[in-house]
$ cat entry_1.cif   # mmCIF, C-alpha atoms and all ligand atoms; chains and numbers go by the auth columns
data_data
#
loop_
_atom_site.group_PDB
_atom_site.id
_atom_site.type_symbol
_atom_site.label_atom_id
_atom_site.label_comp_id
_atom_site.label_asym_id
_atom_site.label_seq_id
_atom_site.Cartn_x
_atom_site.Cartn_y
_atom_site.Cartn_z
_atom_site.B_iso_or_equiv
_atom_site.auth_seq_id
_atom_site.auth_asym_id
ATOM 1 C CA MET A 1 80.300 116.072 104.003 0.00 1 A
ATOM 2 C CA PHE A 2 83.959 115.039 104.221 0.00 2 A
ATOM 3 C CA ARG A 3 85.513 115.525 100.773 0.00 3 A
ATOM 4 C CA ALA A 4 88.893 114.045 99.877 0.00 4 A
ATOM 5 C CA THR A 5 90.799 115.383 96.877 0.00 5 A
ATOM 6 C CA LEU A 6 94.006 113.586 95.925 0.00 6 A
ATOM 7 C CA LEU A 7 96.575 115.114 93.588 0.00 7 A
ATOM 8 C CA THR A 8 98.669 112.284 92.180 0.00 8 A
ATOM 9 C CA LEU A 9 100.371 110.820 89.113 0.00 9 A
ATOM 10 C CA PHE A 10 98.457 107.585 89.806 0.00 10 A
ATOM 11 C CA PRO A 11 94.759 108.403 90.278 0.00 11 A
ATOM 12 C CA GLU A 12 93.921 104.733 89.509 0.00 12 A
ATOM 13 C CA MET A 13 95.341 103.863 92.957 0.00 13 A
ATOM 14 C CA PHE A 14 92.199 105.420 94.508 0.00 14 A
ATOM 15 C CA PRO A 15 89.919 104.554 96.171 0.00 15 A
ATOM 16 C CA GLY A 16 91.872 101.257 96.180 0.00 16 A
ATOM 17 C CA PRO A 17 91.536 99.703 99.636 0.00 17 A
ATOM 18 C CA LEU A 18 89.172 102.513 100.649 0.00 18 A
ATOM 19 C CA GLY A 19 86.618 101.108 98.205 0.00 19 A
ATOM 20 C CA PHE A 20 86.058 98.107 100.498 0.00 20 A
ATOM 21 C CA SER A 21 84.483 97.301 103.832 0.00 21 A
ATOM 22 C CA LEU A 22 83.787 100.159 106.263 0.00 22 A
ATOM 23 C CA ALA A 23 85.215 102.995 104.123 0.00 23 A
ATOM 24 C CA GLY A 24 83.857 101.558 100.864 0.00 24 A
ATOM 25 C CA ASP A 25 80.334 101.122 102.242 0.00 25 A
ATOM 26 C CA ALA A 26 80.448 104.691 103.594 0.00 26 A
ATOM 27 C CA LEU A 27 81.648 105.954 100.200 0.00 27 A
ATOM 28 C CA ALA A 28 78.741 104.157 98.483 0.00 28 A
ATOM 29 C CA ARG A 29 76.335 105.603 101.059 0.00 29 A
ATOM 30 C CA GLY A 30 77.588 109.134 100.352 0.00 30 A
ATOM 31 C CA LEU A 31 78.988 109.733 103.851 0.00 31 A
ATOM 32 C CA TRP A 32 82.199 110.961 102.251 0.00 32 A
ATOM 33 C CA SER A 33 83.491 111.545 98.728 0.00 33 A
ATOM 34 C CA LEU A 34 86.790 111.057 96.948 0.00 34 A
ATOM 35 C CA GLU A 35 88.222 112.480 93.756 0.00 35 A
ATOM 36 C CA ALA A 36 91.707 111.705 92.474 0.00 36 A
ATOM 37 C CA GLN A 37 93.138 114.307 90.081 0.00 37 A
ATOM 38 C CA GLN A 38 95.905 113.560 87.600 0.00 38 A
ATOM 39 C CA LEU A 39 98.841 115.902 88.316 0.00 39 A
ATOM 40 C CA ARG A 40 100.002 115.470 84.757 0.00 40 A
ATOM 41 C CA ALA A 41 96.931 117.378 83.587 0.00 41 A
ATOM 42 C CA HIS A 42 98.893 120.439 84.744 0.00 42 A
ATOM 43 C CA GLY A 43 102.216 119.232 83.286 0.00 43 A
ATOM 44 C CA LEU A 44 104.196 121.299 80.826 0.00 44 A
ATOM 45 C CA GLY A 45 104.404 120.871 77.080 0.00 45 A
ATOM 46 C CA ARG A 46 103.467 117.987 74.871 0.00 46 A
ATOM 47 C CA HIS A 47 104.969 115.481 77.321 0.00 47 A
ATOM 48 C CA ARG A 48 103.133 116.969 80.298 0.00 48 A
ATOM 49 C CA VAL A 49 106.360 117.261 82.295 0.00 49 A
ATOM 50 C CA VAL A 50 105.897 117.576 86.070 0.00 50 A
ATOM 51 C CA ASP A 51 109.490 117.284 87.347 0.00 51 A
ATOM 52 C CA ASP A 52 113.030 118.432 86.713 0.00 52 A
ATOM 53 C CA THR A 53 116.547 117.864 87.988 0.00 53 A
ATOM 54 C CA PRO A 54 117.437 119.146 91.479 0.00 54 A
ATOM 55 C CA ALA A 55 119.021 122.575 91.700 0.00 55 A
ATOM 56 C CA GLY A 56 122.585 122.041 92.946 0.00 56 A
ATOM 57 C CA GLY A 57 122.731 118.553 91.451 0.00 57 A
ATOM 58 C CA GLY A 58 122.267 115.131 92.988 0.00 58 A
ATOM 59 C CA PRO A 59 120.175 112.067 92.257 0.00 59 A
ATOM 60 C CA GLY A 60 116.551 111.843 91.258 0.00 60 A
ATOM 61 C CA MET A 61 113.987 114.364 90.133 0.00 61 A
ATOM 62 C CA VAL A 62 112.080 117.103 91.942 0.00 62 A
ATOM 63 C CA MET A 63 108.443 117.980 91.273 0.00 63 A
ATOM 64 C CA ARG A 64 108.057 121.503 89.912 0.00 64 A
ATOM 65 C CA ALA A 65 106.481 124.236 92.045 0.00 65 A
ATOM 66 C CA ASP A 66 104.594 125.811 89.131 0.00 66 A
ATOM 67 C CA VAL A 67 102.986 122.518 88.091 0.00 67 A
ATOM 68 C CA LEU A 68 102.001 121.567 91.636 0.00 68 A
ATOM 69 C CA ALA A 69 100.633 125.055 92.325 0.00 69 A
ATOM 70 C CA ALA A 70 98.442 124.849 89.213 0.00 70 A
ATOM 71 C CA ALA A 71 97.081 121.501 90.429 0.00 71 A
ATOM 72 C CA LEU A 72 96.454 122.878 93.931 0.00 72 A
ATOM 73 C CA ASP A 73 94.805 126.045 92.629 0.00 73 A
ATOM 74 C CA ALA A 74 92.440 124.171 90.291 0.00 74 A
ATOM 75 C CA PRO A 75 89.939 123.059 92.988 0.00 75 A
ATOM 76 C CA GLY A 76 90.187 126.511 94.630 0.00 76 A
ATOM 77 C CA ASP A 77 90.940 127.144 98.309 0.00 77 A
ATOM 78 C CA ASP A 78 87.727 126.075 100.036 0.00 78 A
ATOM 79 C CA GLY A 79 89.165 126.021 103.542 0.00 79 A
ATOM 80 C CA ARG A 80 90.071 122.337 103.584 0.00 80 A
ATOM 81 C CA PRO A 81 93.504 121.598 105.061 0.00 81 A
ATOM 82 C CA ARG A 82 96.039 121.021 102.280 0.00 82 A
ATOM 83 C CA LEU A 83 98.476 118.253 103.105 0.00 83 A
ATOM 84 C CA LEU A 84 101.727 117.201 101.561 0.00 84 A
ATOM 85 C CA MET A 85 102.706 113.637 102.375 0.00 85 A
ATOM 86 C CA SER A 86 106.363 113.708 103.404 0.00 86 A
ATOM 87 C CA PRO A 87 108.727 111.798 105.706 0.00 87 A
ATOM 88 C CA ARG A 88 109.804 115.209 107.048 0.00 88 A
ATOM 89 C CA GLY A 89 106.275 116.070 108.128 0.00 89 A
ATOM 90 C CA VAL A 90 104.555 116.191 111.495 0.00 90 A
ATOM 91 C CA PRO A 91 103.844 112.648 112.686 0.00 91 A
ATOM 92 C CA PHE A 92 100.276 111.651 111.830 0.00 92 A
ATOM 93 C CA ARG A 93 98.339 110.827 115.007 0.00 93 A
ATOM 94 C CA GLN A 94 94.868 109.785 116.082 0.00 94 A
ATOM 95 C CA ALA A 95 94.221 113.325 117.374 0.00 95 A
ATOM 96 C CA LEU A 96 94.773 114.706 113.854 0.00 96 A
ATOM 97 C CA ALA A 97 92.486 112.036 112.400 0.00 97 A
ATOM 98 C CA ARG A 98 89.780 113.121 114.881 0.00 98 A
ATOM 99 C CA GLU A 99 90.229 116.779 114.030 0.00 99 A
ATOM 100 C CA TRP A 100 90.152 116.236 110.264 0.00 100 A
ATOM 101 C CA ALA A 101 87.252 113.747 110.383 0.00 101 A
ATOM 102 C CA ALA A 102 85.145 116.481 112.002 0.00 102 A
ATOM 103 C CA GLY A 103 86.024 118.982 109.259 0.00 103 A
ATOM 104 C CA PRO A 104 85.135 119.537 105.581 0.00 104 A
ATOM 105 C CA GLY A 105 87.746 117.082 104.276 0.00 105 A
ATOM 106 C CA LEU A 106 91.294 117.185 102.935 0.00 106 A
ATOM 107 C CA VAL A 107 93.264 118.057 99.838 0.00 107 A
ATOM 108 C CA ILE A 108 96.292 115.742 99.726 0.00 108 A
ATOM 109 C CA LEU A 109 99.272 116.156 97.444 0.00 109 A
ATOM 110 C CA CYS A 110 100.979 112.798 96.833 0.00 110 A
ATOM 111 C CA PRO A 111 104.474 113.322 95.431 0.00 111 A
ATOM 112 C CA ARG A 112 106.782 110.827 93.767 0.00 112 A
ATOM 113 C CA PHE A 113 110.525 110.999 93.018 0.00 113 A
ATOM 114 C CA GLU A 114 112.821 112.844 95.457 0.00 114 A
ATOM 115 C CA GLY A 115 110.131 115.246 96.594 0.00 115 A
ATOM 116 C CA VAL A 116 108.783 118.669 95.733 0.00 116 A
ATOM 117 C CA ASP A 117 110.249 122.147 95.216 0.00 117 A
ATOM 118 C CA GLU A 118 110.281 123.755 98.667 0.00 118 A
ATOM 119 C CA ARG A 119 108.729 126.979 97.365 0.00 119 A
ATOM 120 C CA VAL A 120 105.326 125.416 96.687 0.00 120 A
ATOM 121 C CA ILE A 121 105.169 124.226 100.312 0.00 121 A
ATOM 122 C CA GLU A 122 105.684 127.806 101.492 0.00 122 A
ATOM 123 C CA GLY A 123 103.691 129.477 98.738 0.00 123 A
ATOM 124 C CA ARG A 124 100.568 127.347 99.198 0.00 124 A
ATOM 125 C CA GLY A 125 100.828 126.831 102.956 0.00 125 A
ATOM 126 C CA LEU A 126 100.987 123.052 102.736 0.00 126 A
ATOM 127 C CA MET A 127 101.088 121.037 105.948 0.00 127 A
ATOM 128 C CA GLU A 128 103.700 118.303 105.667 0.00 128 A
ATOM 129 C CA VAL A 129 102.501 115.053 107.238 0.00 129 A
ATOM 130 C CA SER A 130 104.459 111.837 107.807 0.00 130 A
ATOM 131 C CA ILE A 131 102.973 108.427 108.571 0.00 131 A
ATOM 132 C CA GLY A 132 106.162 107.134 110.189 0.00 132 A
ATOM 133 C CA ASP A 133 109.934 107.049 110.242 0.00 133 A
ATOM 134 C CA TYR A 134 110.571 105.103 107.048 0.00 134 A
ATOM 135 C CA VAL A 135 110.660 106.038 103.371 0.00 135 A
ATOM 136 C CA LEU A 136 107.909 105.001 100.964 0.00 136 A
ATOM 137 C CA SER A 137 108.239 105.286 97.200 0.00 137 A
ATOM 138 C CA GLY A 138 105.381 107.775 96.921 0.00 138 A
ATOM 139 C CA GLY A 139 102.748 109.676 98.855 0.00 139 A
ATOM 140 C CA GLU A 140 99.767 107.570 97.729 0.00 140 A
ATOM 141 C CA VAL A 141 100.043 104.796 100.319 0.00 141 A
ATOM 142 C CA ALA A 142 100.579 107.414 103.028 0.00 142 A
ATOM 143 C CA ALA A 143 97.479 109.333 101.863 0.00 143 A
ATOM 144 C CA LEU A 144 95.436 106.119 101.928 0.00 144 A
ATOM 145 C CA ALA A 145 96.530 105.522 105.527 0.00 145 A
ATOM 146 C CA VAL A 146 95.585 109.069 106.579 0.00 146 A
ATOM 147 C CA LEU A 147 92.210 108.907 104.826 0.00 147 A
ATOM 148 C CA ASP A 148 91.414 105.454 106.235 0.00 148 A
ATOM 149 C CA ALA A 149 92.040 106.706 109.773 0.00 149 A
ATOM 150 C CA CYS A 150 89.862 109.788 109.185 0.00 150 A
ATOM 151 C CA VAL A 151 86.987 108.140 107.329 0.00 151 A
ATOM 152 C CA ARG A 152 86.229 105.544 109.996 0.00 152 A
ATOM 153 C CA LEU A 153 85.724 108.417 112.462 0.00 153 A
ATOM 154 C CA ILE A 154 83.163 110.268 110.313 0.00 154 A
ATOM 155 C CA PRO A 155 79.809 110.143 112.135 0.00 155 A
ATOM 156 C CA GLY A 156 77.705 107.253 110.874 0.00 156 A
ATOM 157 C CA VAL A 157 80.596 105.288 109.340 0.00 157 A
ATOM 158 C CA MET A 158 81.241 102.946 112.267 0.00 158 A
ATOM 159 C CA GLY A 159 78.329 100.912 113.532 0.00 159 A
ATOM 160 C CA LYS A 160 78.586 101.688 117.210 0.00 160 A
ATOM 161 C CA PRO A 161 79.887 105.157 118.136 0.00 161 A
ATOM 162 C CA GLU A 162 81.532 103.743 121.274 0.00 162 A
ATOM 163 C CA SER A 163 83.768 101.446 119.217 0.00 163 A
ATOM 164 C CA GLY A 164 85.928 104.497 118.532 0.00 164 A
ATOM 165 C CA VAL A 165 86.304 105.416 122.169 0.00 165 A
ATOM 166 C CA SER A 166 88.068 102.461 123.803 0.00 166 A
ATOM 167 C CA GLU A 167 90.583 101.985 121.005 0.00 167 A
ATOM 168 C CA SER A 168 94.324 102.322 120.978 0.00 168 A
ATOM 169 C CA PHE A 169 95.573 105.917 121.465 0.00 169 A
ATOM 170 C CA GLU A 170 92.244 107.203 122.750 0.00 170 A
ATOM 171 C CA GLY A 171 92.938 108.290 126.314 0.00 171 A
ATOM 172 C CA GLY A 172 96.690 107.801 125.807 0.00 172 A
ATOM 173 C CA LEU A 173 96.515 104.003 126.074 0.00 173 A
ATOM 174 C CA LEU A 174 96.950 101.101 123.697 0.00 174 A
ATOM 175 C CA GLU A 175 94.053 98.709 123.526 0.00 175 A
ATOM 176 C CA TYR A 176 93.635 95.791 125.924 0.00 176 A
ATOM 177 C CA PRO A 177 93.913 92.234 124.487 0.00 177 A
ATOM 178 C CA GLN A 178 90.770 90.847 122.852 0.00 178 A
ATOM 179 C CA TYR A 179 89.415 87.279 122.939 0.00 179 A
ATOM 180 C CA THR A 180 86.535 85.390 121.398 0.00 180 A
ATOM 181 C CA ARG A 181 85.297 81.784 121.225 0.00 181 A
ATOM 182 C CA PRO A 182 86.410 79.083 121.771 0.00 182 A
ATOM 183 C CA ARG A 183 86.882 79.374 125.528 0.00 183 A
ATOM 184 C CA GLU A 184 90.025 77.314 125.283 0.00 184 A
ATOM 185 C CA TRP A 185 92.331 77.051 122.272 0.00 185 A
ATOM 186 C CA GLU A 186 95.556 74.997 122.159 0.00 186 A
ATOM 187 C CA GLY A 187 95.550 74.910 125.920 0.00 187 A
ATOM 188 C CA ARG A 188 95.146 78.675 126.261 0.00 188 A
ATOM 189 C CA ALA A 189 92.131 79.890 128.195 0.00 189 A
ATOM 190 C CA ILE A 190 90.352 83.235 127.966 0.00 190 A
ATOM 191 C CA PRO A 191 91.218 85.282 131.097 0.00 191 A
ATOM 192 C CA GLU A 192 88.689 84.352 133.727 0.00 192 A
ATOM 193 C CA ALA A 193 87.689 87.943 134.549 0.00 193 A
ATOM 194 C CA LEU A 194 86.285 88.367 131.023 0.00 194 A
ATOM 195 C CA LEU A 195 83.942 85.390 131.506 0.00 195 A
ATOM 196 C CA SER A 196 82.761 86.494 134.940 0.00 196 A
ATOM 197 C CA GLY A 197 79.821 88.570 133.727 0.00 197 A
ATOM 198 C CA ASP A 198 80.841 91.163 136.350 0.00 198 A
ATOM 199 C CA HIS A 199 80.997 94.411 134.356 0.00 199 A
ATOM 200 C CA ALA A 200 83.028 96.332 136.916 0.00 200 A
ATOM 201 C CA ARG A 201 85.538 93.511 137.126 0.00 201 A
ATOM 202 C CA ILE A 202 85.774 93.275 133.327 0.00 202 A
ATOM 203 C CA ALA A 203 86.313 97.030 133.057 0.00 203 A
ATOM 204 C CA ARG A 204 89.029 96.865 135.719 0.00 204 A
ATOM 205 C CA TRP A 205 90.770 93.946 133.986 0.00 205 A
ATOM 206 C CA ARG A 206 90.727 95.788 130.664 0.00 206 A
ATOM 207 C CA ARG A 207 91.992 99.015 132.182 0.00 207 A
ATOM 208 C CA GLU A 208 94.882 97.233 133.915 0.00 208 A
ATOM 209 C CA ALA A 209 95.741 95.207 130.795 0.00 209 A
ATOM 210 C CA ALA A 210 95.736 98.382 128.646 0.00 210 A
ATOM 211 C CA GLU A 211 98.024 100.116 131.132 0.00 211 A
ATOM 212 C CA ARG A 212 100.407 97.153 131.223 0.00 212 A
ATOM 213 C CA VAL A 213 100.585 96.852 127.403 0.00 213 A
ATOM 214 C CA THR A 214 101.159 100.604 127.068 0.00 214 A
ATOM 215 C CA ARG A 215 103.883 100.623 129.746 0.00 215 A
ATOM 216 C CA GLU A 216 105.678 97.699 128.098 0.00 216 A
ATOM 217 C CA ARG A 217 105.397 98.744 124.467 0.00 217 A
ATOM 218 C CA ARG A 218 104.922 102.498 124.333 0.00 218 A
ATOM 219 C CA PRO A 219 106.009 104.199 127.547 0.00 219 A
ATOM 220 C CA ASP A 220 106.238 107.417 125.487 0.00 220 A
ATOM 221 C CA LEU A 221 102.431 107.559 125.313 0.00 221 A
ATOM 222 C CA GLY A 222 102.476 108.369 129.011 0.00 222 A
ATOM 223 C CA GLY A 223 99.270 106.447 129.733 0.00 223 A
HETATM 224 N N1 LIG B . 113.845 112.227 99.314 0.00 1 B
HETATM 225 C C1 LIG B . 112.794 112.216 100.277 0.00 1 B
HETATM 226 C C2 LIG B . 111.981 110.914 100.196 0.00 1 B
HETATM 227 C C3 LIG B . 111.209 110.788 98.905 0.00 1 B
HETATM 228 S S1 LIG B . 110.134 109.404 98.946 0.00 1 B
HETATM 229 C C4 LIG B . 113.395 112.345 101.667 0.00 1 B
HETATM 230 O O1 LIG B . 114.505 111.899 101.873 0.00 1 B
HETATM 231 O O2 LIG B . 112.713 112.874 102.562 0.00 1 B
HETATM 232 C C5 LIG B . 108.921 109.885 97.767 0.00 1 B
HETATM 233 C C6 LIG B . 107.628 110.406 98.333 0.00 1 B
HETATM 234 O O3 LIG B . 107.009 109.411 99.112 0.00 1 B
HETATM 235 C C7 LIG B . 107.754 111.587 99.276 0.00 1 B
HETATM 236 O O4 LIG B . 107.810 112.792 98.570 0.00 1 B
HETATM 237 C C8 LIG B . 106.487 111.477 100.098 0.00 1 B
HETATM 238 O O5 LIG B . 105.402 112.047 99.424 0.00 1 B
HETATM 239 C C9 LIG B . 106.237 109.985 100.152 0.00 1 B
HETATM 240 N N2 LIG B . 106.645 109.425 101.442 0.00 1 B
HETATM 241 C C10 LIG B . 107.718 108.631 101.653 0.00 1 B
HETATM 242 N N3 LIG B . 107.804 108.274 102.953 0.00 1 B
HETATM 243 C C11 LIG B . 106.766 108.844 103.582 0.00 1 B
HETATM 244 C C12 LIG B . 106.318 108.852 104.939 0.00 1 B
HETATM 245 N N4 LIG B . 106.969 108.188 105.896 0.00 1 B
HETATM 246 N N5 LIG B . 105.197 109.550 105.241 0.00 1 B
HETATM 247 C C13 LIG B . 104.545 110.233 104.272 0.00 1 B
HETATM 248 N N6 LIG B . 104.919 110.270 102.973 0.00 1 B
HETATM 249 C C14 LIG B . 106.012 109.582 102.627 0.00 1 B
#
$ encode --input "entry_1.cif" --output "structure tokens"
Amino acid sequence: MFRATLLTLFPEMFPGPLGFSLAGDALARGLWSLEAQQLRAHGLGRHRVVDDTPAGGGPGMVMRADVLAAALDAPGDDGRPRLLMSPRGVPFRQALAREWAAGPGLVILCPRFEGVDERVIEGRGLMEVSIGDYVLSGGEVAALAVLDACVRLIPGVMGKPESGVSESFEGGLLEYPQYTRPREWEGRAIPEALLSGDHARIARWRREAAERVTRERRPDLGG
């Protein structure tokens, strides 16, 4: 079973949105599990300190390597990938979601403040992962995004297995436009090919539309 362990100063943020709908139903059905651990449990002294000022000066606070290592070591190394959410990380992609969804789960460290002491990244072999080129205030929202993308790919979570196959990024293409009833809305009709009942024609229309959208919006995907 896919097991998610979050290390965070805000365990109450989980499961959060993952407690609803597809992911929430799957959680209730035991198709995956989630535990959020309080980093402060490993903090130092009476005040459970987890951070300190940056060596060399500068703004903000840095999370201590010794505290984070204690939190990471507590569950033991059971072979799950250990991620550190970070804007400097490898860009999170659908291919990574597929790979991780097929594995035993993830341990995700969600920092706050300016970041973490570099030595814990090296010392514990953490994989830094970014969800995009912008700066969030903490790793929790990024971890939720990564887990959401993984969980929906766990076998049995999505109703129809094929609904994962024709989606954006699978096969290097963005998804084709979707339509539903009514047939006409504010003078806009559903493309005629989709109403033709001709499966080959529908497939061709969708393929061409996906290629056009990808070319226009994300030529870097190389679809
Ligand atoms: N000083 C850091 C940013 C700190 S933001 C820098 O310039 O790189 C605080 C925390 O939010 C980060 O440690 C990281 O865990 C999380 N975070 C912010 N943006 C993120 C992103 N795009 N992807 C993943 N995590 C992010």
$ closest_atom_pairs --input "entry_1.cif" --of "chain A" --to "ligand LIG 1 (chain B)" --cutoff "7 Å" --atoms "all atoms listed in the file" --output "CSV"
residue,atom,partner,partner_atom,distance
A:Leu84,CA,B:LIG1,O5,6.7
A:Met85,CA,B:LIG1,N6,4.1
A:Ser86,CA,B:LIG1,N6,3.8
A:Pro87,CA,B:LIG1,C12,3.9
A:Arg88,CA,B:LIG1,O2,5.8
A:Cys110,CA,B:LIG1,O5,5.2
A:Pro111,CA,B:LIG1,O5,4.3
A:Arg112,CA,B:LIG1,C5,4.6
A:Phe113,CA,B:LIG1,C5,5.1
A:Glu114,CA,B:LIG1,N1,4.0
A:Gly115,CA,B:LIG1,O4,3.9
A:Val116,CA,B:LIG1,O4,6.6
A:Val129,CA,B:LIG1,C13,6.0
A:Ser130,CA,B:LIG1,N5,3.5
A:Ile131,CA,B:LIG1,N5,4.2
A:Gly132,CA,B:LIG1,N4,4.5
A:Asp133,CA,B:LIG1,N4,5.4
A:Tyr134,CA,B:LIG1,N4,4.9
A:Val135,CA,B:LIG1,N3,3.7
A:Leu136,CA,B:LIG1,C10,3.7
A:Ser137,CA,B:LIG1,C5,4.7
A:Gly138,CA,B:LIG1,O3,3.2
A:Gly139,CA,B:LIG1,O5,3.6
A:Ala142,CA,B:LIG1,C13,5.0
$ closest_residue --input "entry_1.cif" --among "A:Met1, A:Leu173, A:Ala69, A:Val49" --to "Arg29 (chain A)" --atoms "only C-alpha atoms"
A:Met1
$ residues_around --input "entry_1.cif" --residues "region 145-150 of chain A" --least-positions-apart "6" --cutoff "8 Å" --atoms "all atoms listed in the file" --output "list in words"
Ala4, Leu18, Ala23, Phe92, Gln94, Ala97, Arg98, Trp100, Ala101 and Ile131 of chain A
$ residues_near_point --input "entry_1.cif" --point "(101.4, 116.4, 112.5)" --cutoff "9 Å" --atoms "all atoms listed in the file" --output "PyMOL selection string"
chain A and resi 89-93+96+127-130
$ closest_residue --input "entry_1.cif" --among "A:Leu44, A:Ile190, A:Leu72, A:Leu109" --to "Pro11 (chain A)" --atoms "all atoms listed in the file"
A:Leu109
$ closest_residue --input "entry_1.cif" --among "A:Ala210, A:Val50, A:Ile121, A:Leu106" --to "Glu167 (chain A)" --atoms "all atoms listed in the file"
A:Ala210
$ atom_distance --input "entry_1.cif" --atom1 "CA of Leu68 (chain A)" --atom2 "CA of Val151 (chain A)"
25.5 Å
$ atom_distance --input "entry_1.cif" --atom1 "CA of Asp51 (chain A)" --atom2 "CA of Arg64 (chain A)"
5.1 Å
$ closest_residue --input "entry_1.cif" --among "A:Leu174, A:Val165, A:Leu221, A:Leu126" --to "Ala209 (chain A)" --atoms "all atoms listed in the file"
A:Leu174
$ atom_distance --input "entry_1.cif" --atom1 "CA of Glu122 (chain A)" --atom2 "CA of Val62 (chain A)"
15.7 Å
$ residues_around --input "entry_1.cif" --residues "Val213 (chain A)" --least-positions-apart "4" --cutoff "12 Å" --atoms "all atoms listed in the file" --output "count of residues only"
18
$ residues_around --input "entry_1.cif" --residues "Arg48 (chain A)" --least-positions-apart "3" --cutoff "12 Å" --atoms "only C-alpha atoms" --output "list in words"
Leu9, Gln38, Leu39, Arg40, Ala41, His42, Gly43, Leu44, Gly45, Asp51, Asp52, Arg64 and Val67 of chain A
